[in-house]
$ cat target_28.pdb   # PDB, C-alpha atoms
ATOM      1  CA  MET K 187      27.563  -1.569  82.080
ATOM      2  CA  ASN K 188      30.852  -1.812  83.957
ATOM      3  CA  ASP K 189      33.884  -1.508  81.638
ATOM      4  CA  ASN K 190      35.728  -4.255  83.530
ATOM      5  CA  LEU K 191      32.844  -6.636  82.836
ATOM      6  CA  LEU K 192      33.090  -5.813  79.134
ATOM      7  CA  TYR K 193      36.859  -6.397  79.221
ATOM      8  CA  ASP K 194      36.300  -9.788  80.885
ATOM      9  CA  TYR K 195      33.749 -10.648  78.185
ATOM     10  CA  ILE K 196      36.208  -9.696  75.436
ATOM     11  CA  ASP K 197      38.922 -11.772  77.140
ATOM     12  CA  GLY K 198      36.581 -14.796  77.421
ATOM     13  CA  LYS K 199      36.586 -14.870  81.242
ATOM     14  CA  LEU K 200      32.842 -14.732  81.952
ATOM     15  CA  GLY K 201      30.483 -17.565  82.815
ATOM     16  CA  LYS K 202      27.325 -18.326  80.840
ATOM     17  CA  ARG K 203      25.001 -16.165  82.980
ATOM     18  CA  GLU K 204      27.275 -13.128  82.819
ATOM     19  CA  ARG K 205      27.794 -13.578  79.066
ATOM     20  CA  LYS K 206      24.032 -13.484  78.544
ATOM     21  CA  GLU K 207      23.818 -10.270  80.565
ATOM     22  CA  VAL K 208      26.540  -8.625  78.462
ATOM     23  CA  LEU K 209      24.976  -9.765  75.177
ATOM     24  CA  LYS K 210      21.582  -8.470  76.289
ATOM     25  CA  TRP K 211      23.141  -5.103  77.127
ATOM     26  CA  ILE K 212      25.034  -4.913  73.785
ATOM     27  CA  HIS K 213      21.898  -5.584  71.732
ATOM     28  CA  SER K 214      19.612  -3.362  73.787
ATOM     29  CA  SER K 215      20.527  -0.179  71.885
ATOM     30  CA  LYS K 216      22.646   1.166  69.028
ATOM     31  CA  GLU K 217      24.554   3.326  71.496
ATOM     32  CA  ASN K 218      25.530   0.262  73.563
ATOM     33  CA  SER K 219      26.610  -1.576  70.393
ATOM     34  CA  ARG K 220      28.720   1.408  69.339
ATOM     35  CA  LEU K 221      30.319   1.702  72.798
ATOM     36  CA  TYR K 222      31.125  -2.011  72.878
ATOM     37  CA  ALA K 223      32.699  -1.770  69.408
ATOM     38  CA  GLU K 224      34.959   1.072  70.565
ATOM     39  CA  ILE K 225      36.025  -0.791  73.716
ATOM     40  CA  LYS K 226      36.681  -3.973  71.722
ATOM     41  CA  ALA K 227      38.751  -2.086  69.149
ATOM     42  CA  SER K 228      40.795  -0.378  71.867
ATOM     43  CA  ARG K 229      41.396  -3.687  73.639
ATOM     44  CA  VAL K 230      42.546  -5.422  70.462
ATOM     45  CA  PHE K 231      44.792  -2.581  69.340
ATOM     46  CA  SER K 232      46.543  -2.445  72.718
ATOM     47  CA  THR K 233      47.664  -6.080  72.316
ATOM     48  CA  MET K 234      49.128  -5.666  68.831
ATOM     49  CA  PRO K 235      52.863  -5.771  68.202
ATOM     50  CA  ASP K 236      54.850  -3.474  65.982
ATOM     51  CA  ILE K 237      55.688  -5.171  62.686
ATOM     52  CA  THR K 238      59.051  -4.843  60.986
ATOM     53  CA  ILE K 239      59.381  -5.406  57.251
ATOM     54  CA  GLU K 240      62.599  -5.424  55.278
ATOM     55  CA  LYS K 241      62.098  -3.666  51.945
ATOM     56  CA  LYS K 242      64.840  -3.699  49.350
ATOM     57  CA  GLY K 243      65.545  -0.349  47.729
ATOM     58  CA  LYS K 244      68.103   1.003  45.298
ATOM     59  CA  THR K 245      70.649   1.576  48.044
ATOM     60  CA  GLY K 246      70.132  -1.717  49.842
ATOM     61  CA  PHE K 247      67.788  -2.727  52.611
ATOM     62  CA  ARG K 248      65.840  -0.265  54.693
ATOM     63  CA  THR K 249      63.612  -1.054  57.649
ATOM     64  CA  VAL K 250      59.985  -0.008  57.755
ATOM     65  CA  VAL K 251      58.300  -0.217  61.156
ATOM     66  CA  THR K 252      54.550   0.136  61.301
ATOM     67  CA  ARG K 253      51.698  -0.618  63.648
ATOM     68  CA  ILE K 254      48.798  -2.042  61.677
ATOM     69  CA  ALA K 255      45.512  -0.671  62.929
ATOM     70  CA  ALA K 256      43.724  -3.654  64.415
ATOM     71  CA  ALA K 257      40.326  -2.097  64.855
ATOM     72  CA  LEU K 258      37.769  -2.720  62.150
ATOM     73  CA  LEU K 259      34.675  -1.052  63.563
ATOM     74  CA  LEU K 260      31.473  -2.856  62.638
ATOM     75  CA  PRO K 261      27.879  -1.834  63.482
ATOM     76  CA  VAL K 262      27.556  -4.549  66.135
ATOM     77  CA  ALA K 263      31.075  -5.253  67.305
ATOM     78  CA  ALA K 264      34.747  -4.796  66.452
ATOM     79  CA  LEU K 265      37.023  -7.651  65.464
ATOM     80  CA  GLY K 266      40.794  -7.346  65.581
ATOM     81  CA  LEU K 267      42.688  -8.127  62.450
ATOM     82  CA  TRP K 268      46.223  -7.762  61.253
ATOM     83  CA  ALA K 269      48.370  -9.281  58.582
ATOM     84  CA  TYR K 270      51.987 -10.252  58.451
ATOM     85  CA  ALA K 271      54.339 -10.809  55.551
ATOM     86  CA  SER K 272      57.712 -12.428  54.980
ATOM     87  CA  GLN K 273      60.852 -10.373  54.450
ATOM     88  CA  GLN K 274      60.384 -10.693  50.712
ATOM     89  CA  LYS K 275      57.105  -8.746  50.977
ATOM     90  CA  ASP K 276      56.685  -4.979  51.303
ATOM     91  CA  LEU K 277      53.855  -2.823  52.599
ATOM     92  CA  LYS K 278      51.859  -3.560  49.442
ATOM     93  CA  ALA K 279      51.193  -7.010  50.889
ATOM     94  CA  TYR K 280      49.263  -5.430  53.736
ATOM     95  CA  SER K 281      47.072  -3.293  51.507
ATOM     96  CA  GLU K 282      46.309  -6.312  49.300
ATOM     97  CA  PHE K 283      45.340  -8.271  52.387
ATOM     98  CA  TYR K 284      42.938  -5.617  53.636
ATOM     99  CA  GLU K 285      41.303  -5.041  50.246
ATOM    100  CA  GLY K 286      39.860  -8.554  50.115
ATOM    101  CA  VAL K 287      40.049  -9.964  53.598
ATOM    102  CA  ILE K 288      36.818  -8.876  55.238
ATOM    103  CA  ARG K 289      33.280  -8.317  54.099
ATOM    104  CA  ARG K 290      29.854  -8.371  55.636
ATOM    105  CA  ASN K 291      27.577 -11.235  54.723
ATOM    106  CA  GLY K 292      24.681  -9.747  52.747
ATOM    107  CA  GLN K 293      22.183 -12.415  53.810
ATOM    108  CA  ASN K 294      23.225 -12.348  57.454
ATOM    109  CA  PRO K 295      24.607  -8.984  58.598
ATOM    110  CA  GLY K 296      25.593 -10.544  61.920
ATOM    111  CA  MET K 297      28.338 -12.565  60.189
ATOM    112  CA  VAL K 298      31.795 -11.506  59.054
ATOM    113  CA  GLU K 299      33.912 -13.236  56.408
ATOM    114  CA  TYR K 300      37.709 -13.037  56.483
ATOM    115  CA  LYS K 301      39.255 -13.979  53.145
ATOM    116  CA  VAL K 302      43.040 -14.337  52.824
ATOM    117  CA  ASN K 303      44.263 -14.315  49.232
ATOM    118  CA  THR K 304      46.990 -16.555  47.834
ATOM    119  CA  GLY K 305      50.495 -15.397  48.629
ATOM    120  CA  VAL K 306      49.436 -13.723  51.906
ATOM    121  CA  LYS K 307      49.037 -14.835  55.548
ATOM    122  CA  GLY K 308      46.667 -13.298  58.091
ATOM    123  CA  LYS K 309      45.931 -13.159  61.795
ATOM    124  CA  VAL K 310      42.458 -12.674  63.275
ATOM    125  CA  MET K 311      41.161 -12.074  66.787
ATOM    126  CA  LEU K 312      37.729 -13.631  67.309
ATOM    127  CA  PRO K 313      34.939 -12.048  69.416
ATOM    128  CA  ASP K 314      36.031 -14.094  72.470
ATOM    129  CA  SER K 315      39.694 -12.998  72.035
ATOM    130  CA  SER K 316      40.723 -16.385  70.644
ATOM    131  CA  VAL K 317      43.400 -15.925  67.974
ATOM    132  CA  VAL K 318      43.579 -17.592  64.544
ATOM    133  CA  TRP K 319      46.487 -17.480  62.088
ATOM    134  CA  LEU K 320      45.174 -17.934  58.539
ATOM    135  CA  ASN K 321      47.236 -19.528  55.778
ATOM    136  CA  SER K 322      47.073 -18.441  52.144
ATOM    137  CA  ALA K 323      43.807 -18.977  50.222
ATOM    138  CA  THR K 324      41.804 -19.362  53.425
ATOM    139  CA  THR K 325      38.353 -18.102  54.402
ATOM    140  CA  LEU K 326      37.096 -17.843  57.972
ATOM    141  CA  ILE K 327      33.449 -16.981  58.699
ATOM    142  CA  CYS K 328      32.327 -16.002  62.183
ATOM    143  CA  PRO K 329      29.655 -13.908  63.918
ATOM    144  CA  THR K 330      30.338 -10.395  65.131
ATOM    145  CA  VAL K 331      29.342 -11.585  68.618
ATOM    146  CA  PHE K 332      29.308 -15.228  69.735
ATOM    147  CA  ASP K 333      26.152 -16.823  71.121
ATOM    148  CA  SER K 334      26.122 -17.252  74.905
ATOM    149  CA  ASP K 335      25.818 -21.070  74.600
ATOM    150  CA  LYS K 336      28.438 -21.837  71.949
ATOM    151  CA  ARG K 337      31.028 -20.319  69.632
ATOM    152  CA  GLU K 338      30.615 -21.255  65.962
ATOM    153  CA  VAL K 339      32.944 -20.486  63.037
ATOM    154  CA  THR K 340      33.482 -21.940  59.554
ATOM    155  CA  LEU K 341      36.943 -22.625  58.112
ATOM    156  CA  ILE K 342      37.725 -23.170  54.433
ATOM    157  CA  GLY K 343      41.479 -23.570  54.151
ATOM    158  CA  GLU K 344      44.047 -23.751  56.953
ATOM    159  CA  GLY K 345      44.191 -22.112  60.349
ATOM    160  CA  TYR K 346      46.314 -22.276  63.499
ATOM    161  CA  PHE K 347      43.938 -21.764  66.438
ATOM    162  CA  ASP K 348      44.693 -20.594  69.962
ATOM    163  CA  VAL K 349      41.233 -20.893  71.555
ATOM    164  CA  ARG K 350      40.256 -19.281  74.848
ATOM    165  CA  SER K 351      39.609 -22.036  77.377
ATOM    166  CA  ASN K 352      36.045 -22.380  78.654
ATOM    167  CA  PRO K 353      34.518 -25.891  79.026
ATOM    168  CA  GLU K 354      31.047 -24.345  79.428
ATOM    169  CA  TRP K 355      31.359 -22.369  76.181
ATOM    170  CA  PRO K 356      32.537 -24.784  73.448
ATOM    171  CA  MET K 357      33.722 -23.656  70.043
ATOM    172  CA  TYR K 358      32.574 -25.494  66.924
ATOM    173  CA  ILE K 359      34.649 -25.160  63.736
ATOM    174  CA  LYS K 360      32.724 -26.296  60.679
ATOM    175  CA  THR K 361      34.581 -27.494  57.580
ATOM    176  CA  ALA K 362      33.608 -28.532  54.053
ATOM    177  CA  LYS K 363      35.172 -31.956  54.637
ATOM    178  CA  GLY K 364      32.202 -33.483  56.457
ATOM    179  CA  PHE K 365      33.577 -32.883  59.954
ATOM    180  CA  THR K 366      33.110 -30.277  62.673
ATOM    181  CA  ALA K 367      35.777 -29.780  65.352
ATOM    182  CA  LYS K 368      34.556 -29.234  68.918
ATOM    183  CA  ILE K 369      36.933 -27.322  71.190
ATOM    184  CA  THR K 370      36.732 -26.050  74.746
ATOM    185  CA  GLY K 371      40.159 -24.442  74.870
ATOM    186  CA  THR K 372      43.262 -25.596  73.069
ATOM    187  CA  THR K 373      45.982 -24.928  70.494
ATOM    188  CA  PHE K 374      45.912 -26.796  67.201
ATOM    189  CA  ASN K 375      46.373 -26.591  63.440
ATOM    190  CA  LEU K 376      43.469 -27.487  61.153
ATOM    191  CA  SER K 377      43.822 -27.863  57.381
ATOM    192  CA  ALA K 378      40.614 -28.294  55.364
ATOM    193  CA  TYR K 379      41.082 -26.841  51.876
ATOM    194  CA  ASP K 380      38.309 -27.449  49.351
ATOM    195  CA  ASN K 381      40.716 -28.858  46.772
ATOM    196  CA  ASP K 382      42.576 -31.161  49.190
ATOM    197  CA  GLU K 383      41.489 -34.786  49.475
ATOM    198  CA  GLU K 384      41.812 -34.890  53.240
ATOM    199  CA  LEU K 385      41.296 -32.967  56.436
ATOM    200  CA  LYS K 386      44.331 -32.813  58.733
ATOM    201  CA  LEU K 387      44.291 -31.798  62.392
ATOM    202  CA  THR K 388      47.428 -31.400  64.508
ATOM    203  CA  LEU K 389      46.759 -30.992  68.235
ATOM    204  CA  ILE K 390      49.464 -29.167  70.163
ATOM    205  CA  SER K 391      47.695 -28.921  73.544
ATOM    206  CA  GLY K 392      44.241 -29.303  75.070
ATOM    207  CA  HIS K 393      41.435 -31.439  73.715
ATOM    208  CA  VAL K 394      39.572 -31.689  70.383
ATOM    209  CA  THR K 395      36.667 -33.879  69.299
ATOM    210  CA  LEU K 396      35.983 -34.325  65.584
ATOM    211  CA  LEU K 397      32.275 -34.828  64.856
ATOM    212  CA  GLU K 398      31.223 -36.478  61.572
ATOM    213  CA  ASP K 399      28.392 -34.296  60.280
ATOM    214  CA  THR K 400      26.105 -37.075  58.992
ATOM    215  CA  SER K 401      26.569 -40.024  61.365
ATOM    216  CA  HIS K 402      27.638 -37.856  64.344
ATOM    217  CA  GLN K 403      30.516 -40.263  64.920
ATOM    218  CA  GLU K 404      33.030 -38.807  67.390
ATOM    219  CA  ILE K 405      36.813 -39.013  67.086
ATOM    220  CA  GLU K 406      38.798 -37.962  70.138
ATOM    221  CA  VAL K 407      42.122 -36.277  69.425
ATOM    222  CA  LYS K 408      44.891 -36.213  72.026
ATOM    223  CA  PRO K 409      47.793 -33.763  72.368
ATOM    224  CA  LEU K 410      50.591 -34.360  69.839
ATOM    225  CA  ASP K 411      48.230 -36.380  67.635
ATOM    226  CA  GLU K 412      48.062 -35.820  63.886
ATOM    227  CA  VAL K 413      44.761 -37.054  62.462
ATOM    228  CA  LYS K 414      44.063 -37.284  58.720
ATOM    229  CA  LEU K 415      40.560 -38.035  57.421
ATOM    230  CA  ARG K 416      39.328 -38.513  53.886
ATOM    231  CA  GLU K 417      36.114 -39.702  52.263
ATOM    232  CA  ALA K 418      36.128 -43.467  51.744
ATOM    233  CA  PRO K 419      36.118 -44.560  48.043
ATOM    234  CA  SER K 420      33.334 -47.114  48.593
ATOM    235  CA  SER K 421      29.700 -46.011  48.207
ATOM    236  CA  ASN K 422      28.446 -48.976  50.261
ATOM    237  CA  SER K 423      26.195 -47.473  52.946
ATOM    238  CA  SER K 424      27.116 -50.227  55.414
ATOM    239  CA  ARG K 425      30.746 -49.119  55.444
ATOM    240  CA  PRO K 426      32.136 -45.948  57.081
ATOM    241  CA  ARG K 427      31.943 -42.850  54.874
ATOM    242  CA  PHE K 428      35.415 -41.793  55.967
ATOM    243  CA  SER K 429      38.785 -43.423  56.386
ATOM    244  CA  GLY K 430      41.860 -42.008  58.030
ATOM    245  CA  GLU K 431      45.002 -42.394  60.050
ATOM    246  CA  ARG K 432      46.413 -41.233  63.370
ATOM    247  CA  ARG K 433      50.082 -40.786  64.217
ATOM    248  CA  THR K 434      52.434 -38.727  66.382
ATOM    249  CA  ALA K 435      52.570 -35.254  64.865
ATOM    250  CA  ASN K 436      55.631 -33.415  63.624
ATOM    251  CA  ILE K 437      54.533 -30.123  65.186
ATOM    252  CA  TYR K 438      57.167 -27.988  63.496
ATOM    253  CA  ASN K 439      56.528 -29.312  59.992
ATOM    254  CA  ASN K 440      52.766 -28.878  60.371
ATOM    255  CA  THR K 441      52.786 -25.369  61.852
ATOM    256  CA  ALA K 442      55.920 -23.652  60.495
ATOM    257  CA  TRP K 443      53.832 -21.936  57.774
ATOM    258  CA  LYS K 444      52.523 -19.401  60.318
ATOM    259  CA  ASP K 445      56.126 -18.293  60.930
ATOM    260  CA  GLY K 446      56.804 -17.912  57.214
ATOM    261  CA  VAL K 447      58.529 -21.273  56.632
ATOM    262  CA  LEU K 448      57.438 -23.545  53.777
ATOM    263  CA  ILE K 449      58.372 -27.188  54.442
ATOM    264  CA  PHE K 450      58.333 -30.217  52.155
ATOM    265  CA  ASP K 451      59.238 -33.555  53.740
ATOM    266  CA  ASN K 452      59.164 -36.323  51.124
ATOM    267  CA  THR K 453      55.979 -34.614  49.958
ATOM    268  CA  PRO K 454      54.092 -35.939  46.895
ATOM    269  CA  MET K 455      54.431 -33.586  43.934
ATOM    270  CA  ASP K 456      50.709 -32.875  43.607
ATOM    271  CA  GLU K 457      50.741 -31.532  47.187
ATOM    272  CA  VAL K 458      53.952 -29.605  46.505
ATOM    273  CA  ILE K 459      52.278 -27.893  43.554
ATOM    274  CA  LYS K 460      49.213 -26.907  45.605
ATOM    275  CA  LYS K 461      51.338 -25.434  48.397
ATOM    276  CA  ILE K 462      53.540 -23.453  46.003
ATOM    277  CA  GLU K 463      50.435 -22.108  44.234
ATOM    278  CA  ARG K 464      48.944 -20.903  47.529
ATOM    279  CA  TRP K 465      52.236 -19.637  48.953
ATOM    280  CA  TYR K 466      53.280 -17.558  45.946
ATOM    281  CA  GLY K 467      49.883 -16.803  44.410
ATOM    282  CA  VAL K 468      50.631 -18.515  41.098
ATOM    283  CA  SER K 469      49.012 -21.128  38.873
ATOM    284  CA  ILE K 470      51.099 -24.207  37.998
ATOM    285  CA  ASN K 471      50.458 -26.414  34.972
ATOM    286  CA  SER K 472      52.336 -29.699  34.535
ATOM    287  CA  LEU K 473      52.895 -30.957  30.981
ATOM    288  CA  ASN K 474      54.652 -34.147  32.121
ATOM    289  CA  PRO K 475      52.290 -36.716  33.755
ATOM    290  CA  LYS K 476      55.259 -38.497  35.360
ATOM    291  CA  ILE K 477      55.907 -35.475  37.583
ATOM    292  CA  LYS K 478      53.003 -36.479  39.849
ATOM    293  CA  ASP K 479      55.020 -39.576  40.880
ATOM    294  CA  TYR K 480      57.894 -37.456  42.236
ATOM    295  CA  ARG K 481      58.437 -36.464  45.870
ATOM    296  CA  PHE K 482      60.245 -33.403  47.188
ATOM    297  CA  THR K 483      62.111 -32.480  50.399
ATOM    298  CA  ALA K 484      63.185 -28.900  51.177
ATOM    299  CA  ASN K 485      62.704 -25.976  53.579
ATOM    300  CA  PHE K 486      62.116 -22.381  52.424
ATOM    301  CA  SER K 487      61.767 -19.210  54.468
ATOM    302  CA  SER K 488      62.294 -16.083  52.362
ATOM    303  CA  GLU K 489      63.262 -17.572  49.000
ATOM    304  CA  SER K 490      61.746 -16.200  45.822
ATOM    305  CA  LEU K 491      59.612 -18.325  43.504
ATOM    306  CA  ASP K 492      62.524 -18.458  41.027
ATOM    307  CA  ARG K 493      64.802 -19.866  43.735
ATOM    308  CA  VAL K 494      62.259 -22.518  44.738
ATOM    309  CA  MET K 495      61.694 -23.598  41.157
ATOM    310  CA  GLU K 496      65.433 -23.710  40.477
ATOM    311  CA  LEU K 497      65.989 -26.035  43.451
ATOM    312  CA  LEU K 498      63.078 -28.172  42.261
ATOM    313  CA  LYS K 499      64.747 -28.376  38.868
ATOM    314  CA  ILE K 500      68.130 -29.388  40.309
ATOM    315  CA  SER K 501      66.795 -31.979  42.760
ATOM    316  CA  SER K 502      63.986 -33.491  40.697
ATOM    317  CA  PHE K 503      65.126 -32.826  37.112
ATOM    318  CA  ILE K 504      61.957 -30.844  36.426
ATOM    319  CA  ASN K 505      62.212 -28.034  33.905
ATOM    320  CA  TYR K 506      60.039 -24.965  34.342
ATOM    321  CA  LYS K 507      59.007 -21.695  32.777
ATOM    322  CA  ILE K 508      57.622 -18.690  34.676
ATOM    323  CA  GLU K 509      55.414 -16.225  32.824
ATOM    324  CA  GLY K 510      53.905 -13.711  35.216
ATOM    325  CA  LYS K 511      51.586 -15.608  37.561
ATOM    326  CA  ASN K 512      51.736 -18.796  35.466
ATOM    327  CA  VAL K 513      54.296 -21.567  35.904
ATOM    328  CA  THR K 514      54.685 -24.473  33.474
ATOM    329  CA  LEU K 515      56.475 -27.694  34.459
ATOM    330  CA  PHE K 516      57.834 -30.046  31.798
TER
END
$ encode --input "target_28.pdb" --output "structure tokens"
Amino acid sequence: MNDNLLYDYIDGKLGKRERKEVLKWIHSSKENSRLYAEIKASRVFSTMPDITIEKKGKTGFRTVVTRIAAALLLPVAALGLWAYASQQKDLKAYSEFYEGVIRRNGQNPGMVEYKVNTGVKGKVMLPDSSVVWLNSATTLICPTVFDSDKREVTLIGEGYFDVRSNPEWPMYIKTAKGFTAKITGTTFNLSAYDNDEELKLTLISGHVTLLEDTSHQEIEVKPLDEVKLREAPSSNSSRPRFSGERRTANIYNNTAWKDGVLIFDNTPMDEVIKKIERWYGVSINSLNPKIKDYRFTANFSSESLDRVMELLKISSFINYKIEGKNVTLF
């Protein structure tokens, strides 16, 4: 197999017929699978940036520069993976990310599960060289090698996707919210946490179709659209199972998390609590039921949890107590 053909496959440049030829070659022997894994790992690693982290020591700040090894060699293929942390994090954040982020699926060894813990962000390169930024408390499940007809992944949480364009090779992103996103090549942010009431998609460029899993209803999303969908409260089968809204997206507010910025813009307090829990890896318990009626506006980049809670106290008159990983509001 020609190396250039393998590179084009990794970069998502091949047509359907050529993709089938490459897949057939990869699966024809263990040696071919091993060779492909090495080439994939080398390709991914060559595209990775150096990462600079500011770590505070006794004598002030010192700079640590490291290149995170992107290659995670798997029996069938290699997937690129690296993590990034804010300036408040140190190298320990990277080791914590790697300890829990990836595991083989025991029932289906052809699948890989990326799991990003609370308090950490991650970045994944898919088998077609599409790139996904993963927010805290997010799981992404994908095959080691995509099928020649379609690209399928599952998202539980929030991801910023930059998908390789190929109208003949669509990507399907399944969620637990009753919708699957169909993409042929685009940039967008998709939030679909299990414990959120709604799914939210922000389309930066390209084209996305949301497919309702039961009725197969299609919702077309245009660039700069923000679409929110939630399950309708009525159980009447004659009425739509989902309700939602569409508006012009605030791209920065909806995607700043991938650059380490936490934004609240007149945000309801229950959503504020969820985001702080995921961002800082803590559990928050509210003893005052009136707190849920509050709203909060603020931007944070490298502030500590204490600083965030102190500003919350000043602006919203909410008292708090931090005990390890537990925060109590009253």
$ atom_distance --input "target_28.pdb" --atom1 "atom CA of K:Thr441" --atom2 "atom CA of K:Ser315"
20.7 Å
$ atom_distance --input "target_28.pdb" --atom1 "atom CA of K:Met187" --atom2 "atom CA of K:Ser214"
11.6 Å
$ closest_residue --input "target_28.pdb" --among "K:Asp456, K:Asp189, K:Glu344, K:Asp411" --to "K:Ser472" --atoms "all atoms listed in the file"
K:Asp456
$ resolve_selection --input "target_28.pdb" --expression "the PyMOL selection byres ((chain K and resi 332) around 10)" --output "NGL selection string"
:K and (205 or 209 or 296-297 or 312-314 or 328-331 or 333-339 or 355 or 357)
$ resolve_selection --input "target_28.pdb" --expression "the PyMOL selection byres ((chain K and resi 305) around 6)" --output "VMD selection string"
chain K and resid 304 306 322 464 to 467
$ atom_distance --input "target_28.pdb" --atom1 "atom CA of K:Gly510" --atom2 "atom CA of K:Glu463"
12.8 Å
$ resolve_selection --input "target_28.pdb" --expression "the PyMOL selection byres ((chain K and resi 481-489) around 8)" --output "NGL selection string"
:K and (272-274 or 446-455 or 458 or 479-480 or 490-491 or 493-494 or 498 or 502)
$ write_last_selection --input "target_28.pdb" --atoms "C-alpha atoms" --output "JSON list (two decimals), in the coordinates of the input"
[["chain", "number", "residue", "atom", "x", "y", "z"],
["K", 272, "SER", "CA", 57.71, -12.43, 54.98],
["K", 273, "GLN", "CA", 60.85, -10.37, 54.45],
["K", 274, "GLN", "CA", 60.38, -10.69, 50.71],
["K", 446, "GLY", "CA", 56.80, -17.91, 57.21],
["K", 447, "VAL", "CA", 58.53, -21.27, 56.63],
["K", 448, "LEU", "CA", 57.44, -23.54, 53.78],
["K", 449, "ILE", "CA", 58.37, -27.19, 54.44],
["K", 450, "PHE", "CA", 58.33, -30.22, 52.16],
["K", 451, "ASP", "CA", 59.24, -33.56, 53.74],
["K", 452, "ASN", "CA", 59.16, -36.32, 51.12],
["K", 453, "THR", "CA", 55.98, -34.61, 49.96],
["K", 454, "PRO", "CA", 54.09, -35.94, 46.90],
["K", 455, "MET", "CA", 54.43, -33.59, 43.93],
["K", 458, "VAL", "CA", 53.95, -29.60, 46.50],
["K", 479, "ASP", "CA", 55.02, -39.58, 40.88],
["K", 480, "TYR", "CA", 57.89, -37.46, 42.24],
["K", 490, "SER", "CA", 61.75, -16.20, 45.82],
["K", 491, "LEU", "CA", 59.61, -18.32, 43.50],
["K", 493, "ARG", "CA", 64.80, -19.87, 43.74],
["K", 494, "VAL", "CA", 62.26, -22.52, 44.74],
["K", 498, "LEU", "CA", 63.08, -28.17, 42.26],
["K", 502, "SER", "CA", 63.99, -33.49, 40.70]]
$ closest_residue --input "target_28.pdb" --among "K:Asn474, K:Lys460, K:Glu384, K:Phe374" --to "K:Ile437" --atoms "all atoms listed in the file"
K:Phe374
$ residues_around --input "target_28.pdb" --residues "K:Thr370" --least-positions-apart "6" --cutoff "8 Å" --atoms "all atoms listed in the file" --output "JSON list (two decimals) with C-alpha atoms, in the frame of the given file"
[["chain", "number", "residue", "atom", "x", "y", "z"],
["K", 349, "VAL", "CA", 41.23, -20.89, 71.56],
["K", 350, "ARG", "CA", 40.26, -19.28, 74.85],
["K", 351, "SER", "CA", 39.61, -22.04, 77.38],
["K", 352, "ASN", "CA", 36.04, -22.38, 78.65],
["K", 353, "PRO", "CA", 34.52, -25.89, 79.03],
["K", 354, "GLU", "CA", 31.05, -24.34, 79.43],
["K", 355, "TRP", "CA", 31.36, -22.37, 76.18],
["K", 356, "PRO", "CA", 32.54, -24.78, 73.45],
["K", 357, "MET", "CA", 33.72, -23.66, 70.04],
["K", 393, "HIS", "CA", 41.44, -31.44, 73.72],
["K", 394, "VAL", "CA", 39.57, -31.69, 70.38]]
$ closest_residue --input "target_28.pdb" --among "K:Leu397, K:Val413, K:Leu515, K:Met311" --to "K:Asn375" --atoms "all atoms listed in the file"
K:Val413
$ closest_residue --input "target_28.pdb" --among "K:Leu396, K:Leu387, K:Phe428, K:Ile369" --to "K:Glu412" --atoms "all atoms listed in the file"
K:Leu387
